[in-house]
Amino acid sequence: MSKLRVNAFTLSLDGYGAGPDQDLQNPLGVGGEALHKWAWSTRTFRTMFGEEGGATGTDEDFAARSFENVGSWILGRNMFGPIRGEWPDDSWKGWWGDNPPYHVPVFVLTHHERASLTMEGGTTFHFVTDGIHSALEQAKAAADGRDVRVGGGVATIRQYLQEKLIDEMHLAISPLLLGAGENLFAGLDMPKLGYQCSEQVATALATHVIVKRA
């Protein structure tokens with residue numbers, strides 16, 4: 001059965017999944033990029049961005065698992081780009097260039113309509129204006145039996161958690177403190193929502209935690 005998953009989503013020790021003040025120079029917010037040292041070191045992520053080499057071992061295992069059986073993605077608008085409000089035009093096509101790393105349909109949550117955008121490598125961005133449930137319904141249909149992965153950001157994951165819709169979540173806890181930004185768990189009672197930790201393993205660069213619905 002198709003699952004709604006979060007994978008390889010990195011948090012700081014104090015629970016922030018992104019730093020403050022996202023812009024073109026800081027796509028993950030100020031300080032946010034430093035959280036992802038574990039991911040940038042792996043063979044999976046280096047290959048994704050056209051680089052050679054990369055570590056094997058536990059971090060790589062979690063990175064590779066994050067792309068298995070994914071048939072579609074859901075992203076919040078800030079994961080697609082830094083533009084706020086109405087789309088000024090169709091020139092912004094994401095952070096990733098002409099061949100984004102998704103290679104499947106991607107459903108972007110937004111309040112502003114925009115035509116679907118077909119990229120190289122099998123990625124098509126669809127812009128969903130009628131909420132998280134509609135996005136999930138469309139993503140599941142597009143996934144054709146495979147899983148749907150929520151890529152973020154924090155606000156999008158929180159919305160799906162509050163509705164008890166996420167089946168499984170892999171978090172990589174980086175040994176860094178951000179102090180500010182977007183906090184994943186602030187105000188959420190995860191046990192009351194029905195979630196529990198089912199697995200944890202630590203490496204030098206991250207502590208990997210699997211959270212599932214009980």
# chains A, B, ... in the order shown; residues from 1 in each chain; ligands from 1
>>> residues_around(residues="region 149-152 of chain A", least_positions_apart="3", cutoff="6 Å", atoms="only C-alpha atoms", output="list in words")
Leu4, Arg5, Val6, Trp73, Ile74, Leu75, Gly76, Thr156 and Ile157 of chain A
>>> select_by_dssp(residues="chain A", states="strand (DSSP E)", output="PDB file with N, CA, C and O atoms, in the first residue's frame")
ATOM      1  N   LEU A   4       2.689   7.699   2.813  1.00  0.00           N
ATOM      2  CA  LEU A   4       3.135   9.085   2.787  1.00  0.00           C
ATOM      3  C   LEU A   4       4.348   9.173   3.707  1.00  0.00           C
ATOM      4  O   LEU A   4       4.245   8.904   4.908  1.00  0.00           O
ATOM      5  N   ARG A   5       5.506   9.512   3.140  1.00  0.00           N
ATOM      6  CA  ARG A   5       6.774   9.435   3.849  1.00  0.00           C
ATOM      7  C   ARG A   5       7.492  10.775   3.890  1.00  0.00           C
ATOM      8  O   ARG A   5       7.349  11.599   2.987  1.00  0.00           O
ATOM      9  N   VAL A   6       8.291  10.935   4.935  1.00  0.00           N
ATOM     10  CA  VAL A   6       9.312  11.967   4.998  1.00  0.00           C
ATOM     11  C   VAL A   6      10.638  11.245   5.124  1.00  0.00           C
ATOM     12  O   VAL A   6      10.765  10.336   5.949  1.00  0.00           O
ATOM     13  N   ASN A   7      11.622  11.615   4.306  1.00  0.00           N
ATOM     14  CA  ASN A   7      12.919  10.941   4.343  1.00  0.00           C
ATOM     15  C   ASN A   7      14.056  11.942   4.297  1.00  0.00           C
ATOM     16  O   ASN A   7      13.962  12.967   3.612  1.00  0.00           O
ATOM     17  N   ALA A   8      15.125  11.611   5.022  1.00  0.00           N
ATOM     18  CA  ALA A   8      16.358  12.404   4.976  1.00  0.00           C
ATOM     19  C   ALA A   8      16.088  13.877   5.277  1.00  0.00           C
ATOM     20  O   ALA A   8      16.725  14.759   4.713  1.00  0.00           O
ATOM     21  N   PHE A   9      15.139  14.122   6.174  1.00  0.00           N
ATOM     22  CA  PHE A   9      14.841  15.496   6.559  1.00  0.00           C
ATOM     23  C   PHE A   9      15.688  15.832   7.774  1.00  0.00           C
ATOM     24  O   PHE A   9      15.561  15.208   8.824  1.00  0.00           O
ATOM     25  N   THR A  10      16.552  16.833   7.635  1.00  0.00           N
ATOM     26  CA  THR A  10      17.544  17.122   8.664  1.00  0.00           C
ATOM     27  C   THR A  10      17.062  18.202   9.618  1.00  0.00           C
ATOM     28  O   THR A  10      16.520  19.222   9.189  1.00  0.00           O
ATOM     29  N   LEU A  11      17.282  17.965  10.904  1.00  0.00           N
ATOM     30  CA  LEU A  11      16.959  18.928  11.946  1.00  0.00           C
ATOM     31  C   LEU A  11      18.212  19.266  12.736  1.00  0.00           C
ATOM     32  O   LEU A  11      19.124  18.449  12.873  1.00  0.00           O
ATOM     33  N   TYR A  16      15.215  22.720  14.621  1.00  0.00           N
ATOM     34  CA  TYR A  16      14.967  23.557  13.443  1.00  0.00           C
ATOM     35  C   TYR A  16      15.334  22.818  12.151  1.00  0.00           C
ATOM     36  O   TYR A  16      16.419  22.255  12.035  1.00  0.00           O
ATOM     37  N   GLY A  17      14.431  22.865  11.186  1.00  0.00           N
ATOM     38  CA  GLY A  17      14.665  22.216   9.908  1.00  0.00           C
ATOM     39  C   GLY A  17      15.160  23.166   8.843  1.00  0.00           C
ATOM     40  O   GLY A  17      15.517  22.748   7.747  1.00  0.00           O
ATOM     41  N   ALA A  18      15.183  24.452   9.146  1.00  0.00           N
ATOM     42  CA  ALA A  18      15.713  25.480   8.245  1.00  0.00           C
ATOM     43  C   ALA A  18      16.065  26.690   9.074  1.00  0.00           C
ATOM     44  O   ALA A  18      15.467  26.938  10.135  1.00  0.00           O
ATOM     45  N   VAL A  70       9.728   5.673  -4.463  1.00  0.00           N
ATOM     46  CA  VAL A  70       9.055   6.977  -4.458  1.00  0.00           C
ATOM     47  C   VAL A  70       8.448   7.232  -5.834  1.00  0.00           C
ATOM     48  O   VAL A  70       9.160   7.260  -6.840  1.00  0.00           O
ATOM     49  N   GLY A  71       7.132   7.420  -5.872  1.00  0.00           N
ATOM     50  CA  GLY A  71       6.455   7.646  -7.136  1.00  0.00           C
ATOM     51  C   GLY A  71       6.066   9.081  -7.396  1.00  0.00           C
ATOM     52  O   GLY A  71       5.753   9.455  -8.532  1.00  0.00           O
ATOM     53  N   SER A  72       6.080   9.911  -6.353  1.00  0.00           N
ATOM     54  CA  SER A  72       5.788  11.337  -6.500  1.00  0.00           C
ATOM     55  C   SER A  72       6.224  12.052  -5.223  1.00  0.00           C
ATOM     56  O   SER A  72       6.491  11.415  -4.194  1.00  0.00           O
ATOM     57  N   TRP A  73       6.297  13.363  -5.307  1.00  0.00           N
ATOM     58  CA  TRP A  73       6.701  14.208  -4.183  1.00  0.00           C
ATOM     59  C   TRP A  73       5.663  15.292  -3.933  1.00  0.00           C
ATOM     60  O   TRP A  73       4.934  15.692  -4.856  1.00  0.00           O
ATOM     61  N   ILE A  74       5.645  15.789  -2.685  1.00  0.00           N
ATOM     62  CA  ILE A  74       4.914  17.003  -2.326  1.00  0.00           C
ATOM     63  C   ILE A  74       5.907  17.979  -1.705  1.00  0.00           C
ATOM     64  O   ILE A  74       6.685  17.600  -0.818  1.00  0.00           O
ATOM     65  N   LEU A  75       5.895  19.218  -2.177  1.00  0.00           N
ATOM     66  CA  LEU A  75       6.770  20.262  -1.650  1.00  0.00           C
ATOM     67  C   LEU A  75       5.960  21.490  -1.271  1.00  0.00           C
ATOM     68  O   LEU A  75       4.990  21.830  -1.959  1.00  0.00           O
ATOM     69  N   GLY A  76       6.371  22.159  -0.209  1.00  0.00           N
ATOM     70  CA  GLY A  76       5.866  23.490   0.054  1.00  0.00           C
ATOM     71  C   GLY A  76       6.480  24.467  -0.934  1.00  0.00           C
ATOM     72  O   GLY A  76       7.535  24.213  -1.518  1.00  0.00           O
ATOM     73  N   PRO A 105       6.595  13.036 -10.870  1.00  0.00           N
ATOM     74  CA  PRO A 105       5.763  14.217 -10.649  1.00  0.00           C
ATOM     75  C   PRO A 105       5.963  14.817  -9.259  1.00  0.00           C
ATOM     76  O   PRO A 105       6.101  14.090  -8.267  1.00  0.00           O
ATOM     77  N   VAL A 106       5.974  16.143  -9.194  1.00  0.00           N
ATOM     78  CA  VAL A 106       6.143  16.877  -7.933  1.00  0.00           C
ATOM     79  C   VAL A 106       4.977  17.857  -7.799  1.00  0.00           C
ATOM     80  O   VAL A 106       4.697  18.627  -8.726  1.00  0.00           O
ATOM     81  N   PHE A 107       4.320  17.845  -6.636  1.00  0.00           N
ATOM     82  CA  PHE A 107       3.153  18.688  -6.405  1.00  0.00           C
ATOM     83  C   PHE A 107       3.543  19.772  -5.393  1.00  0.00           C
ATOM     84  O   PHE A 107       3.886  19.469  -4.250  1.00  0.00           O
ATOM     85  N   VAL A 108       3.517  21.019  -5.857  1.00  0.00           N
ATOM     86  CA  VAL A 108       3.974  22.162  -5.072  1.00  0.00           C
ATOM     87  C   VAL A 108       2.765  22.894  -4.499  1.00  0.00           C
ATOM     88  O   VAL A 108       1.893  23.351  -5.246  1.00  0.00           O
ATOM     89  N   LEU A 109       2.721  23.024  -3.172  1.00  0.00           N
ATOM     90  CA  LEU A 109       1.634  23.739  -2.512  1.00  0.00           C
ATOM     91  C   LEU A 109       1.832  25.241  -2.655  1.00  0.00           C
ATOM     92  O   LEU A 109       2.909  25.766  -2.361  1.00  0.00           O
ATOM     93  N   LEU A 117       4.846  22.609 -15.020  1.00  0.00           N
ATOM     94  CA  LEU A 117       6.166  22.886 -15.586  1.00  0.00           C
ATOM     95  C   LEU A 117       6.901  21.567 -15.792  1.00  0.00           C
ATOM     96  O   LEU A 117       7.227  20.874 -14.831  1.00  0.00           O
ATOM     97  N   THR A 118       7.147  21.206 -17.046  1.00  0.00           N
ATOM     98  CA  THR A 118       7.844  19.965 -17.377  1.00  0.00           C
ATOM     99  C   THR A 118       9.328  20.233 -17.563  1.00  0.00           C
ATOM    100  O   THR A 118       9.718  21.094 -18.346  1.00  0.00           O
ATOM    101  N   THR A 124       7.993  16.731 -13.473  1.00  0.00           N
ATOM    102  CA  THR A 124       6.994  17.744 -13.813  1.00  0.00           C
ATOM    103  C   THR A 124       6.480  18.358 -12.520  1.00  0.00           C
ATOM    104  O   THR A 124       6.045  17.640 -11.615  1.00  0.00           O
ATOM    105  N   PHE A 125       6.565  19.674 -12.420  1.00  0.00           N
ATOM    106  CA  PHE A 125       6.040  20.386 -11.263  1.00  0.00           C
ATOM    107  C   PHE A 125       4.586  20.767 -11.526  1.00  0.00           C
ATOM    108  O   PHE A 125       4.282  21.420 -12.516  1.00  0.00           O
ATOM    109  N   HIS A 126       3.702  20.359 -10.615  1.00  0.00           N
ATOM    110  CA  HIS A 126       2.297  20.743 -10.658  1.00  0.00           C
ATOM    111  C   HIS A 126       2.021  21.644  -9.453  1.00  0.00           C
ATOM    112  O   HIS A 126       2.415  21.320  -8.328  1.00  0.00           O
ATOM    113  N   PHE A 127       1.348  22.743  -9.665  1.00  0.00           N
ATOM    114  CA  PHE A 127       1.139  23.739  -8.620  1.00  0.00           C
ATOM    115  C   PHE A 127      -0.293  23.625  -8.102  1.00  0.00           C
ATOM    116  O   PHE A 127      -1.251  23.814  -8.852  1.00  0.00           O
ATOM    117  N   VAL A 128      -0.419  23.277  -6.818  1.00  0.00           N
ATOM    118  CA  VAL A 128      -1.709  22.930  -6.212  1.00  0.00           C
ATOM    119  C   VAL A 128      -2.157  24.076  -5.320  1.00  0.00           C
ATOM    120  O   VAL A 128      -1.463  24.452  -4.369  1.00  0.00           O
ATOM    121  N   ASP A 147       5.132   5.022  -3.179  1.00  0.00           N
ATOM    122  CA  ASP A 147       4.969   5.947  -2.059  1.00  0.00           C
ATOM    123  C   ASP A 147       5.042   7.399  -2.514  1.00  0.00           C
ATOM    124  O   ASP A 147       5.617   7.723  -3.559  1.00  0.00           O
ATOM    125  N   VAL A 148       4.463   8.273  -1.684  1.00  0.00           N
ATOM    126  CA  VAL A 148       4.548   9.715  -1.870  1.00  0.00           C
ATOM    127  C   VAL A 148       5.504  10.254  -0.811  1.00  0.00           C
ATOM    128  O   VAL A 148       5.367   9.944   0.376  1.00  0.00           O
ATOM    129  N   ARG A 149       6.475  11.048  -1.236  1.00  0.00           N
ATOM    130  CA  ARG A 149       7.456  11.610  -0.299  1.00  0.00           C
ATOM    131  C   ARG A 149       7.196  13.103  -0.119  1.00  0.00           C
ATOM    132  O   ARG A 149       7.125  13.857  -1.097  1.00  0.00           O
ATOM    133  N   VAL A 150       7.051  13.522   1.132  1.00  0.00           N
ATOM    134  CA  VAL A 150       6.947  14.943   1.449  1.00  0.00           C
ATOM    135  C   VAL A 150       8.359  15.466   1.652  1.00  0.00           C
ATOM    136  O   VAL A 150       9.058  15.074   2.588  1.00  0.00           O
ATOM    137  N   GLY A 151       8.800  16.376   0.791  1.00  0.00           N
ATOM    138  CA  GLY A 151      10.159  16.855   0.859  1.00  0.00           C
ATOM    139  C   GLY A 151      10.352  18.027   1.817  1.00  0.00           C
ATOM    140  O   GLY A 151      11.476  18.377   2.143  1.00  0.00           O
ATOM    141  N   GLY A 152       9.274  18.620   2.282  1.00  0.00           N
ATOM    142  CA  GLY A 152       9.373  19.800   3.148  1.00  0.00           C
ATOM    143  C   GLY A 152       8.669  20.967   2.500  1.00  0.00           C
ATOM    144  O   GLY A 152       7.966  20.808   1.501  1.00  0.00           O
ATOM    145  N   GLU A 168       5.336   7.489   7.912  1.00  0.00           N
ATOM    146  CA  GLU A 168       6.691   7.206   8.381  1.00  0.00           C
ATOM    147  C   GLU A 168       7.566   8.418   8.125  1.00  0.00           C
ATOM    148  O   GLU A 168       7.453   9.073   7.089  1.00  0.00           O
ATOM    149  N   MET A 169       8.468   8.695   9.068  1.00  0.00           N
ATOM    150  CA  MET A 169       9.306   9.881   8.953  1.00  0.00           C
ATOM    151  C   MET A 169      10.732   9.542   9.388  1.00  0.00           C
ATOM    152  O   MET A 169      10.956   9.080  10.501  1.00  0.00           O
ATOM    153  N   HIS A 170      11.689   9.757   8.465  1.00  0.00           N
ATOM    154  CA  HIS A 170      13.108   9.611   8.795  1.00  0.00           C
ATOM    155  C   HIS A 170      13.681  10.999   9.004  1.00  0.00           C
ATOM    156  O   HIS A 170      13.709  11.825   8.093  1.00  0.00           O
ATOM    157  N   LEU A 171      14.164  11.248  10.216  1.00  0.00           N
ATOM    158  CA  LEU A 171      14.796  12.514  10.564  1.00  0.00           C
ATOM    159  C   LEU A 171      16.274  12.275  10.827  1.00  0.00           C
ATOM    160  O   LEU A 171      16.645  11.303  11.492  1.00  0.00           O
ATOM    161  N   ALA A 172      17.108  13.143  10.305  1.00  0.00           N
ATOM    162  CA  ALA A 172      18.541  13.105  10.580  1.00  0.00           C
ATOM    163  C   ALA A 172      18.861  14.288  11.484  1.00  0.00           C
ATOM    164  O   ALA A 172      18.727  15.444  11.074  1.00  0.00           O
ATOM    165  N   ILE A 173      19.242  14.009  12.720  1.00  0.00           N
ATOM    166  CA  ILE A 173      19.499  15.063  13.694  1.00  0.00           C
ATOM    167  C   ILE A 173      20.976  15.437  13.625  1.00  0.00           C
ATOM    168  O   ILE A 173      21.858  14.648  13.961  1.00  0.00           O
ATOM    169  N   GLU A 182      12.803  27.621  11.472  1.00  0.00           N
ATOM    170  CA  GLU A 182      11.521  26.930  11.458  1.00  0.00           C
ATOM    171  C   GLU A 182      11.639  25.648  12.273  1.00  0.00           C
ATOM    172  O   GLU A 182      12.378  24.735  11.906  1.00  0.00           O
ATOM    173  N   ASN A 183      10.897  25.579  13.382  1.00  0.00           N
ATOM    174  CA  ASN A 183      10.975  24.442  14.290  1.00  0.00           C
ATOM    175  C   ASN A 183       9.897  23.422  13.960  1.00  0.00           C
ATOM    176  O   ASN A 183       8.716  23.758  13.879  1.00  0.00           O
ATOM    177  N   TYR A 195       2.232   9.128  17.146  1.00  0.00           N
ATOM    178  CA  TYR A 195       3.551   8.810  16.593  1.00  0.00           C
ATOM    179  C   TYR A 195       4.497   8.329  17.690  1.00  0.00           C
ATOM    180  O   TYR A 195       4.408   8.752  18.852  1.00  0.00           O
ATOM    181  N   GLN A 196       5.405   7.434  17.293  1.00  0.00           N
ATOM    182  CA  GLN A 196       6.420   6.942  18.216  1.00  0.00           C
ATOM    183  C   GLN A 196       7.699   6.632  17.454  1.00  0.00           C
ATOM    184  O   GLN A 196       7.673   6.397  16.239  1.00  0.00           O
ATOM    185  N   CYS A 197       8.814   6.646  18.179  1.00  0.00           N
ATOM    186  CA  CYS A 197      10.112   6.331  17.584  1.00  0.00           C
ATOM    187  C   CYS A 197      10.248   4.823  17.466  1.00  0.00           C
ATOM    188  O   CYS A 197      10.043   4.095  18.445  1.00  0.00           O
ATOM    189  N   SER A 198      10.617   4.338  16.278  1.00  0.00           N
ATOM    190  CA  SER A 198      10.752   2.902  16.060  1.00  0.00           C
ATOM    191  C   SER A 198      12.189   2.468  15.794  1.00  0.00           C
ATOM    192  O   SER A 198      12.482   1.274  15.809  1.00  0.00           O
ATOM    193  N   GLU A 199      13.087   3.431  15.544  1.00  0.00           N
ATOM    194  CA  GLU A 199      14.467   3.068  15.214  1.00  0.00           C
ATOM    195  C   GLU A 199      15.350   4.295  15.421  1.00  0.00           C
ATOM    196  O   GLU A 199      14.923   5.422  15.171  1.00  0.00           O
ATOM    197  N   GLN A 200      16.575   4.067  15.876  1.00  0.00           N
ATOM    198  CA  GLN A 200      17.546   5.157  15.952  1.00  0.00           C
ATOM    199  C   GLN A 200      18.943   4.582  15.806  1.00  0.00           C
ATOM    200  O   GLN A 200      19.231   3.491  16.274  1.00  0.00           O
ATOM    201  N   VAL A 201      19.785   5.330  15.114  1.00  0.00           N
ATOM    202  CA  VAL A 201      21.180   4.931  14.949  1.00  0.00           C
ATOM    203  C   VAL A 201      22.005   6.193  14.755  1.00  0.00           C
ATOM    204  O   VAL A 201      21.596   7.107  14.040  1.00  0.00           O
ATOM    205  N   ALA A 202      23.158   6.248  15.399  1.00  0.00           N
ATOM    206  CA  ALA A 202      23.990   7.450  15.364  1.00  0.00           C
ATOM    207  C   ALA A 202      25.255   7.212  14.549  1.00  0.00           C
ATOM    208  O   ALA A 202      25.834   6.121  14.556  1.00  0.00           O
ATOM    209  N   THR A 207      22.336  11.721  13.902  1.00  0.00           N
ATOM    210  CA  THR A 207      21.588  10.642  14.535  1.00  0.00           C
ATOM    211  C   THR A 207      20.322  10.435  13.715  1.00  0.00           C
ATOM    212  O   THR A 207      19.514  11.361  13.563  1.00  0.00           O
ATOM    213  N   HIS A 208      20.182   9.245  13.164  1.00  0.00           N
ATOM    214  CA  HIS A 208      19.041   8.928  12.300  1.00  0.00           C
ATOM    215  C   HIS A 208      17.927   8.323  13.139  1.00  0.00           C
ATOM    216  O   HIS A 208      18.134   7.369  13.885  1.00  0.00           O
ATOM    217  N   VAL A 209      16.743   8.902  13.006  1.00  0.00           N
ATOM    218  CA  VAL A 209      15.583   8.489  13.800  1.00  0.00           C
ATOM    219  C   VAL A 209      14.428   8.188  12.855  1.00  0.00           C
ATOM    220  O   VAL A 209      14.135   8.961  11.935  1.00  0.00           O
ATOM    221  N   ILE A 210      13.772   7.059  13.086  1.00  0.00           N
ATOM    222  CA  ILE A 210      12.558   6.717  12.338  1.00  0.00           C
ATOM    223  C   ILE A 210      11.362   6.876  13.270  1.00  0.00           C
ATOM    224  O   ILE A 210      11.326   6.300  14.357  1.00  0.00           O
ATOM    225  N   VAL A 211      10.393   7.682  12.840  1.00  0.00           N
ATOM    226  CA  VAL A 211       9.167   7.909  13.588  1.00  0.00           C
ATOM    227  C   VAL A 211       8.009   7.373  12.762  1.00  0.00           C
ATOM    228  O   VAL A 211       7.878   7.691  11.572  1.00  0.00           O
ATOM    229  N   LYS A 212       7.166   6.552  13.397  1.00  0.00           N
ATOM    230  CA  LYS A 212       6.026   5.963  12.699  1.00  0.00           C
ATOM    231  C   LYS A 212       4.747   6.198  13.480  1.00  0.00           C
ATOM    232  O   LYS A 212       4.765   6.428  14.694  1.00  0.00           O
ATOM    233  N   ARG A 213       3.640   6.095  12.765  1.00  0.00           N
ATOM    234  CA  ARG A 213       2.352   6.123  13.446  1.00  0.00           C
ATOM    235  C   ARG A 213       2.176   4.827  14.203  1.00  0.00           C
ATOM    236  O   ARG A 213       2.394   3.742  13.674  1.00  0.00           O
TER     237      ARG A 213
END
>>> residues_around(residues="Leu161 (chain A)", least_positions_apart="3", cutoff="9 Å", atoms="only C-alpha atoms", output="list in words")
Thr156, Ile157, Arg158, Lys164, Leu165, Ile166, Leu188, Met190 and Leu193 of chain A
>>> write_last_selection(atoms="N, CA and C atoms", output="PDB file, in the first residue's frame")
ATOM      1  N   THR A 156       5.060  22.532   5.765  1.00  0.00           N
ATOM      2  CA  THR A 156       4.307  21.519   5.030  1.00  0.00           C
ATOM      3  C   THR A 156       4.270  20.207   5.801  1.00  0.00           C
ATOM      4  N   ILE A 157       5.401  19.787   6.340  1.00  0.00           N
ATOM      5  CA  ILE A 157       5.430  18.548   7.127  1.00  0.00           C
ATOM      6  C   ILE A 157       4.524  18.682   8.343  1.00  0.00           C
ATOM      7  N   ARG A 158       4.576  19.823   9.013  1.00  0.00           N
ATOM      8  CA  ARG A 158       3.727  20.040  10.186  1.00  0.00           C
ATOM      9  C   ARG A 158       2.248  19.902   9.845  1.00  0.00           C
ATOM     10  N   LYS A 164      -2.416  13.758  10.869  1.00  0.00           N
ATOM     11  CA  LYS A 164      -2.083  12.339  11.075  1.00  0.00           C
ATOM     12  C   LYS A 164      -1.975  11.583   9.752  1.00  0.00           C
ATOM     13  N   LEU A 165      -1.473  12.257   8.739  1.00  0.00           N
ATOM     14  CA  LEU A 165      -1.422  11.669   7.402  1.00  0.00           C
ATOM     15  C   LEU A 165      -0.064  11.057   7.060  1.00  0.00           C
ATOM     16  N   ILE A 166       0.984  11.452   7.759  1.00  0.00           N
ATOM     17  CA  ILE A 166       2.306  10.894   7.482  1.00  0.00           C
ATOM     18  C   ILE A 166       2.420   9.534   8.149  1.00  0.00           C
ATOM     19  N   LEU A 188       3.519  20.798  18.777  1.00  0.00           N
ATOM     20  CA  LEU A 188       2.952  19.514  18.339  1.00  0.00           C
ATOM     21  C   LEU A 188       3.110  18.483  19.453  1.00  0.00           C
ATOM     22  N   MET A 190       3.357  14.972  19.650  1.00  0.00           N
ATOM     23  CA  MET A 190       3.525  13.833  18.753  1.00  0.00           C
ATOM     24  C   MET A 190       2.918  12.535  19.298  1.00  0.00           C
ATOM     25  N   LEU A 193      -0.726  12.641  18.775  1.00  0.00           N
ATOM     26  CA  LEU A 193      -1.055  12.457  17.358  1.00  0.00           C
ATOM     27  C   LEU A 193      -0.866  11.010  16.901  1.00  0.00           C
TER      28      LEU A 193
END
>>> residues_around(residues="Ile83 (chain A)", least_positions_apart="2", cutoff="10 Å", atoms="only C-alpha atoms", output="PyMOL selection string")
chain A and resi 22-24+77-78+80-81+85-88+92
>>> closest_residue(among="A:Glu163, A:Asp14, A:Glu60, A:Glu68", to="Arg46 (chain A)", atoms="only C-alpha atoms")
A:Glu60
>>> select_by_dssp(residues="chain A", states="helix (DSSP H, G or I)", output="NGL selection string")
:A and (32-40 or 43-48 or 58-65 or 77-80 or 120-122 or 132-143 or 154-162 or 190-193)
>>> atom_distance(atom1="CA of Leu176 (chain A)", atom2="CA of Leu35 (chain A)")
6.9 Å
